[in-house]
$ cat my_file31.txt   # compact mmCIF, C-alpha atoms
# COMPACT_ATOMS: atom_id res chain seq x y z
CA MET Q 1 -18.16 8.01 0.39
CA ALA Q 2 -15.31 7.22 2.78
CA THR Q 3 -12.81 4.58 1.79
CA THR Q 4 -12.23 1.76 4.27
CA VAL Q 5 -8.97 -0.12 3.84
CA ALA Q 6 -8.81 -3.65 5.25
CA HIS Q 7 -5.54 -5.39 6.06
CA HIS Q 8 -5.37 -9.15 5.44
CA PRO Q 9 -1.98 -10.26 6.79
CA GLU Q 10 -2.76 -13.91 6.00
CA ASN Q 11 -2.90 -12.93 2.31
CA GLN Q 12 -0.27 -10.18 2.58
CA GLU Q 13 -2.54 -7.50 1.16
CA PHE Q 14 -4.48 -4.34 1.87
CA THR Q 15 -7.86 -4.14 0.14
CA VAL Q 16 -10.79 -1.85 -0.57
CA GLU Q 17 -14.26 -3.12 -1.56
CA GLN Q 18 -16.71 -0.52 -2.85
CA GLY Q 19 -19.90 -1.03 -4.83
CA GLY Q 20 -18.88 -4.50 -5.97
CA LEU Q 21 -15.50 -3.24 -7.14
CA SER Q 22 -12.16 -3.88 -5.49
CA ALA Q 23 -8.63 -2.63 -5.15
CA GLU Q 24 -5.59 -4.24 -3.57
CA LEU Q 25 -2.04 -3.53 -2.57
CA ALA Q 26 -0.02 -6.73 -2.22
CA TYR Q 27 3.18 -7.08 -0.26
CA SER Q 28 5.80 -9.60 0.79
CA ARG Q 29 8.02 -9.86 3.85
CA PRO Q 30 11.39 -10.79 2.28
CA ALA Q 31 13.34 -10.38 5.53
CA ASP Q 32 12.78 -9.64 9.20
CA GLY Q 33 11.90 -5.99 9.62
CA VAL Q 34 11.26 -5.43 5.89
CA ILE Q 35 8.05 -5.07 3.90
CA ASP Q 36 8.10 -4.95 0.09
CA PHE Q 37 5.06 -3.50 -1.65
CA THR Q 38 4.91 -5.61 -4.80
CA HIS Q 39 1.71 -4.88 -6.70
CA THR Q 40 -1.22 -2.45 -6.77
CA PHE Q 41 -4.48 -3.05 -8.63
CA VAL Q 42 -7.56 -0.80 -8.73
CA ASP Q 43 -10.70 -1.84 -10.64
CA GLU Q 44 -11.39 0.56 -13.50
CA GLY Q 45 -14.58 1.84 -11.87
CA LEU Q 46 -12.63 3.00 -8.80
CA ARG Q 47 -9.76 4.67 -10.62
CA GLY Q 48 -9.32 8.41 -10.35
CA GLN Q 49 -10.99 8.52 -6.92
CA GLY Q 50 -7.87 8.34 -4.74
CA VAL Q 51 -8.37 4.68 -3.82
CA GLY Q 52 -4.78 3.77 -4.69
CA ALA Q 53 -3.51 6.64 -2.53
CA GLU Q 54 -5.67 5.45 0.38
CA LEU Q 55 -4.24 1.95 0.04
CA ALA Q 56 -0.72 3.42 -0.01
CA ARG Q 57 -1.30 5.58 3.08
CA ALA Q 58 -2.79 2.68 5.06
CA ALA Q 59 0.05 0.35 4.08
CA LEU Q 60 2.74 2.90 4.88
CA ALA Q 61 1.06 3.71 8.22
CA TYR Q 62 1.20 -0.02 9.01
CA ALA Q 63 4.89 -0.13 8.08
CA ARG Q 64 5.58 2.86 10.32
CA GLU Q 65 3.61 1.38 13.26
CA GLN Q 66 5.43 -1.94 12.92
CA GLN Q 67 8.80 -0.19 12.47
CA LEU Q 68 9.37 -1.92 9.13
CA GLN Q 69 11.76 -0.78 6.43
CA VAL Q 70 9.95 -0.31 3.13
CA ARG Q 71 10.86 -1.56 -0.33
CA THR Q 72 8.80 -0.50 -3.35
CA SER Q 73 8.97 -3.13 -6.09
CA CYS Q 74 5.57 -1.80 -7.23
CA SER Q 75 5.98 1.20 -9.56
CA PHE Q 76 2.85 2.89 -8.16
CA MET Q 77 4.23 2.68 -4.62
CA ARG Q 78 7.68 3.83 -5.76
CA GLN Q 79 6.13 6.95 -7.31
CA PHE Q 80 3.79 7.52 -4.35
CA VAL Q 81 6.70 7.55 -1.89
CA ALA Q 82 8.74 9.78 -4.23
CA ASP Q 83 5.82 12.25 -4.36
CA HIS Q 84 5.29 12.23 -0.57
CA ALA Q 85 8.59 13.00 1.12
CA GLU Q 86 7.17 12.29 4.59
CA TYR Q 87 7.47 8.56 3.78
CA ALA Q 88 11.13 8.70 2.63
CA PRO Q 89 12.49 7.83 6.11
CA LEU Q 90 10.70 4.48 5.89
CA LEU Q 91 12.65 3.36 2.83
CA ALA Q 92 15.12 0.51 3.27
CA GLN Q 93 18.70 1.67 2.86
$ encode --input "my_file31.txt" --output "structure tokens"
Amino acid sequence: MATTVAHHPENQEFTVEQGGLSAELAYSRPADGVIDFTHTFVDEGLRGQGVGAELARAALAYAREQQLQVRTSCSFMRQFVADHAEYAPLLAQ
């Protein structure tokens, strides 16, 4: 089953809904041109299926498209970016 990530800018989150279960990646916009990924949650029934990684990829693609510098207050996102060097140029200096 393909994962569809929805972006809800009014709530500052990316979400996945699957089989009555949900996952979310929350963010804030602490300054112009900056996005800070603050929290990731994946329902237990969706864990281990790559849902968190899909949320991360969608959120980082959004940051790249919007030319935003990325902060990773969320430990999951910090590790995801560390493990995927292609996202390192997005990190805020």
$ residues_around --input "my_file31.txt" --residues "Leu60 of chain Q" --least-positions-apart "6" --cutoff "9 Å" --atoms "all atoms listed in the file" --output "list of chain:residue names"
Q:Val70, Q:Tyr87, Q:Leu90
$ axis_aligned_box --input "my_file31.txt" --around "segment 54-59 of chain Q" --padding-each-side "8 Å" --output "AutoDock Vina command-line options"
--center_x -2.8 --center_y 3.0 --center_z 2.5 --size_x 21.7 --size_y 21.2 --size_z 21.1
$ residues_around --input "my_file31.txt" --residues "segment 49-56 of chain Q" --least-positions-apart "3" --cutoff "7 Å" --atoms "only C-alpha atoms" --output "PyMOL selection string"
chain Q and resi 5+14+25+42+46+59-60+77
$ atom_distance --input "my_file31.txt" --atom1 "atom CA of Asp36 of chain Q" --atom2 "atom CA of Gly19 of chain Q"
28.7 Å
$ residues_around --input "my_file31.txt" --residues "Glu17 of chain Q" --least-positions-apart "5" --cutoff "10 Å" --atoms "all atoms listed in the file" --output "list in words"
Thr3, Thr4, Val5, Ala6, Ser22, Ala23, Glu24, Asp43 and Leu46 of chain Q
$ atom_distance --input "my_file31.txt" --atom1 "atom CA of Glu44 of chain Q" --atom2 "atom CA of Asp83 of chain Q"
22.7 Å
$ atom_distance --input "my_file31.txt" --atom1 "atom CA of His39 of chain Q" --atom2 "atom CA of Ala63 of chain Q"
15.8 Å
$ residues_around --input "my_file31.txt" --residues "Ala92 of chain Q" --least-positions-apart "4" --cutoff "8 Å" --atoms "all atoms listed in the file" --output "VMD selection string"
chain Q and resid 34 69 to 71
$ write_last_selection --input "my_file31.txt" --atoms "C-alpha atoms" --output "mmCIF file, in the frame of the given file"
data_model
loop_
_atom_site.group_PDB
_atom_site.id
_atom_site.type_symbol
_atom_site.label_atom_id
_atom_site.label_comp_id
_atom_site.auth_asym_id
_atom_site.auth_seq_id
_atom_site.Cartn_x
_atom_site.Cartn_y
_atom_site.Cartn_z
ATOM 1 C CA VAL Q 34 11.260 -5.430 5.890
ATOM 2 C CA GLN Q 69 11.760 -0.780 6.430
ATOM 3 C CA VAL Q 70 9.950 -0.310 3.130
ATOM 4 C CA ARG Q 71 10.860 -1.560 -0.330
#
$ closest_residue --input "my_file31.txt" --among "Q:Gln79, Q:Ala26, Q:Tyr62, Q:Ala88" --to "Thr38 of chain Q" --atoms "only C-alpha atoms"
Q:Ala26
$ closest_residue --input "my_file31.txt" --among "Q:Pro30, Q:Pro89, Q:Cys74, Q:Ala61" --to "His7 of chain Q" --atoms "only C-alpha atoms"
Q:Ala61
$ residues_around --input "my_file31.txt" --residues "Gln12 of chain Q" --least-positions-apart "3" --cutoff "6 Å" --atoms "all atoms listed in the file" --output "ChimeraX atom specification"
/Q:8-9,26-27
$ closest_residue --input "my_file31.txt" --among "Q:Arg47, Q:Ala58, Q:Phe37, Q:Asp32" --to "Thr15 of chain Q" --atoms "only C-alpha atoms"
Q:Ala58
$ build_atoms --input "my_file31.txt" --residues "segment 45-76 of chain Q" --atoms "N, CA and C atoms" --output "short mmCIF file (atom, residue, chain, number, x, y, z; two decimals), in the coordinates of the input"
data_model
loop_
_atom_site.label_atom_id
_atom_site.label_comp_id
_atom_site.auth_asym_id
_atom_site.auth_seq_id
_atom_site.Cartn_x
_atom_site.Cartn_y
_atom_site.Cartn_z
N GLY Q 45 -13.52 1.00 -12.40
CA GLY Q 45 -14.58 1.84 -11.87
C GLY Q 45 -14.21 2.62 -10.62
N LEU Q 46 -13.09 2.28 -9.99
CA LEU Q 46 -12.63 3.00 -8.80
C LEU Q 46 -11.46 3.93 -9.09
N ARG Q 47 -10.93 3.85 -10.29
CA ARG Q 47 -9.76 4.67 -10.62
C ARG Q 47 -10.11 6.15 -10.65
N GLY Q 48 -9.13 6.96 -10.33
CA GLY Q 48 -9.32 8.41 -10.35
C GLY Q 48 -10.05 8.95 -9.13
N GLN Q 49 -10.26 8.11 -8.12
CA GLN Q 49 -10.99 8.52 -6.92
C GLN Q 49 -10.09 8.52 -5.68
N GLY Q 50 -8.80 8.32 -5.87
CA GLY Q 50 -7.87 8.34 -4.74
C GLY Q 50 -7.79 7.04 -3.97
N VAL Q 51 -8.36 5.96 -4.52
CA VAL Q 51 -8.37 4.68 -3.82
C VAL Q 51 -6.95 4.13 -3.69
N GLY Q 52 -6.16 4.24 -4.74
CA GLY Q 52 -4.78 3.77 -4.69
C GLY Q 52 -3.98 4.52 -3.63
N ALA Q 53 -4.20 5.83 -3.54
CA ALA Q 53 -3.51 6.64 -2.53
C ALA Q 53 -3.93 6.23 -1.13
N GLU Q 54 -5.21 5.90 -0.93
CA GLU Q 54 -5.67 5.45 0.38
C GLU Q 54 -5.03 4.11 0.76
N LEU Q 55 -4.93 3.21 -0.20
CA LEU Q 55 -4.24 1.95 0.04
C LEU Q 55 -2.78 2.22 0.45
N ALA Q 56 -2.12 3.10 -0.28
CA ALA Q 56 -0.72 3.42 -0.01
C ALA Q 56 -0.56 4.00 1.39
N ARG Q 57 -1.41 4.96 1.75
CA ARG Q 57 -1.30 5.58 3.08
C ARG Q 57 -1.52 4.57 4.19
N ALA Q 58 -2.51 3.70 4.03
CA ALA Q 58 -2.79 2.68 5.06
C ALA Q 58 -1.61 1.72 5.18
N ALA Q 59 -1.07 1.30 4.06
CA ALA Q 59 0.05 0.35 4.08
C ALA Q 59 1.30 0.98 4.68
N LEU Q 60 1.57 2.23 4.34
CA LEU Q 60 2.74 2.90 4.88
C LEU Q 60 2.56 3.22 6.37
N ALA Q 61 1.34 3.51 6.79
CA ALA Q 61 1.06 3.71 8.22
C ALA Q 61 1.33 2.40 8.98
N TYR Q 62 0.92 1.28 8.40
CA TYR Q 62 1.20 -0.02 9.01
C TYR Q 62 2.71 -0.24 9.13
N ALA Q 63 3.43 0.04 8.06
CA ALA Q 63 4.89 -0.13 8.08
C ALA Q 63 5.52 0.73 9.18
N ARG Q 64 5.05 1.96 9.30
CA ARG Q 64 5.58 2.86 10.32
C ARG Q 64 5.27 2.32 11.72
N GLU Q 65 4.03 1.90 11.95
CA GLU Q 65 3.61 1.38 13.26
C GLU Q 65 4.41 0.15 13.65
N GLN Q 66 4.71 -0.70 12.66
CA GLN Q 66 5.43 -1.94 12.92
C GLN Q 66 6.95 -1.76 12.84
N GLN Q 67 7.39 -0.53 12.60
CA GLN Q 67 8.80 -0.19 12.47
C GLN Q 67 9.49 -1.05 11.40
N LEU Q 68 8.84 -1.14 10.24
CA LEU Q 68 9.37 -1.92 9.13
C LEU Q 68 10.06 -1.00 8.13
N GLN Q 69 11.13 -1.47 7.54
CA GLN Q 69 11.76 -0.78 6.43
C GLN Q 69 10.98 -1.13 5.17
N VAL Q 70 10.80 -0.16 4.30
CA VAL Q 70 9.95 -0.31 3.13
C VAL Q 70 10.77 -0.46 1.85
N ARG Q 71 10.38 -1.43 1.05
CA ARG Q 71 10.86 -1.56 -0.33
C ARG Q 71 9.66 -1.34 -1.24
N THR Q 72 9.90 -0.80 -2.42
CA THR Q 72 8.80 -0.50 -3.35
C THR Q 72 9.06 -1.14 -4.71
N SER Q 73 8.85 -2.45 -4.79
CA SER Q 73 8.97 -3.13 -6.09
C SER Q 73 7.85 -2.70 -7.03
N CYS Q 74 6.73 -2.28 -6.46
CA CYS Q 74 5.57 -1.80 -7.23
C CYS Q 74 5.85 -0.37 -7.71
N SER Q 75 5.69 -0.13 -9.00
CA SER Q 75 5.98 1.20 -9.56
C SER Q 75 5.04 2.27 -9.00
N PHE Q 76 3.78 1.92 -8.75
CA PHE Q 76 2.85 2.89 -8.16
C PHE Q 76 3.35 3.33 -6.78
#
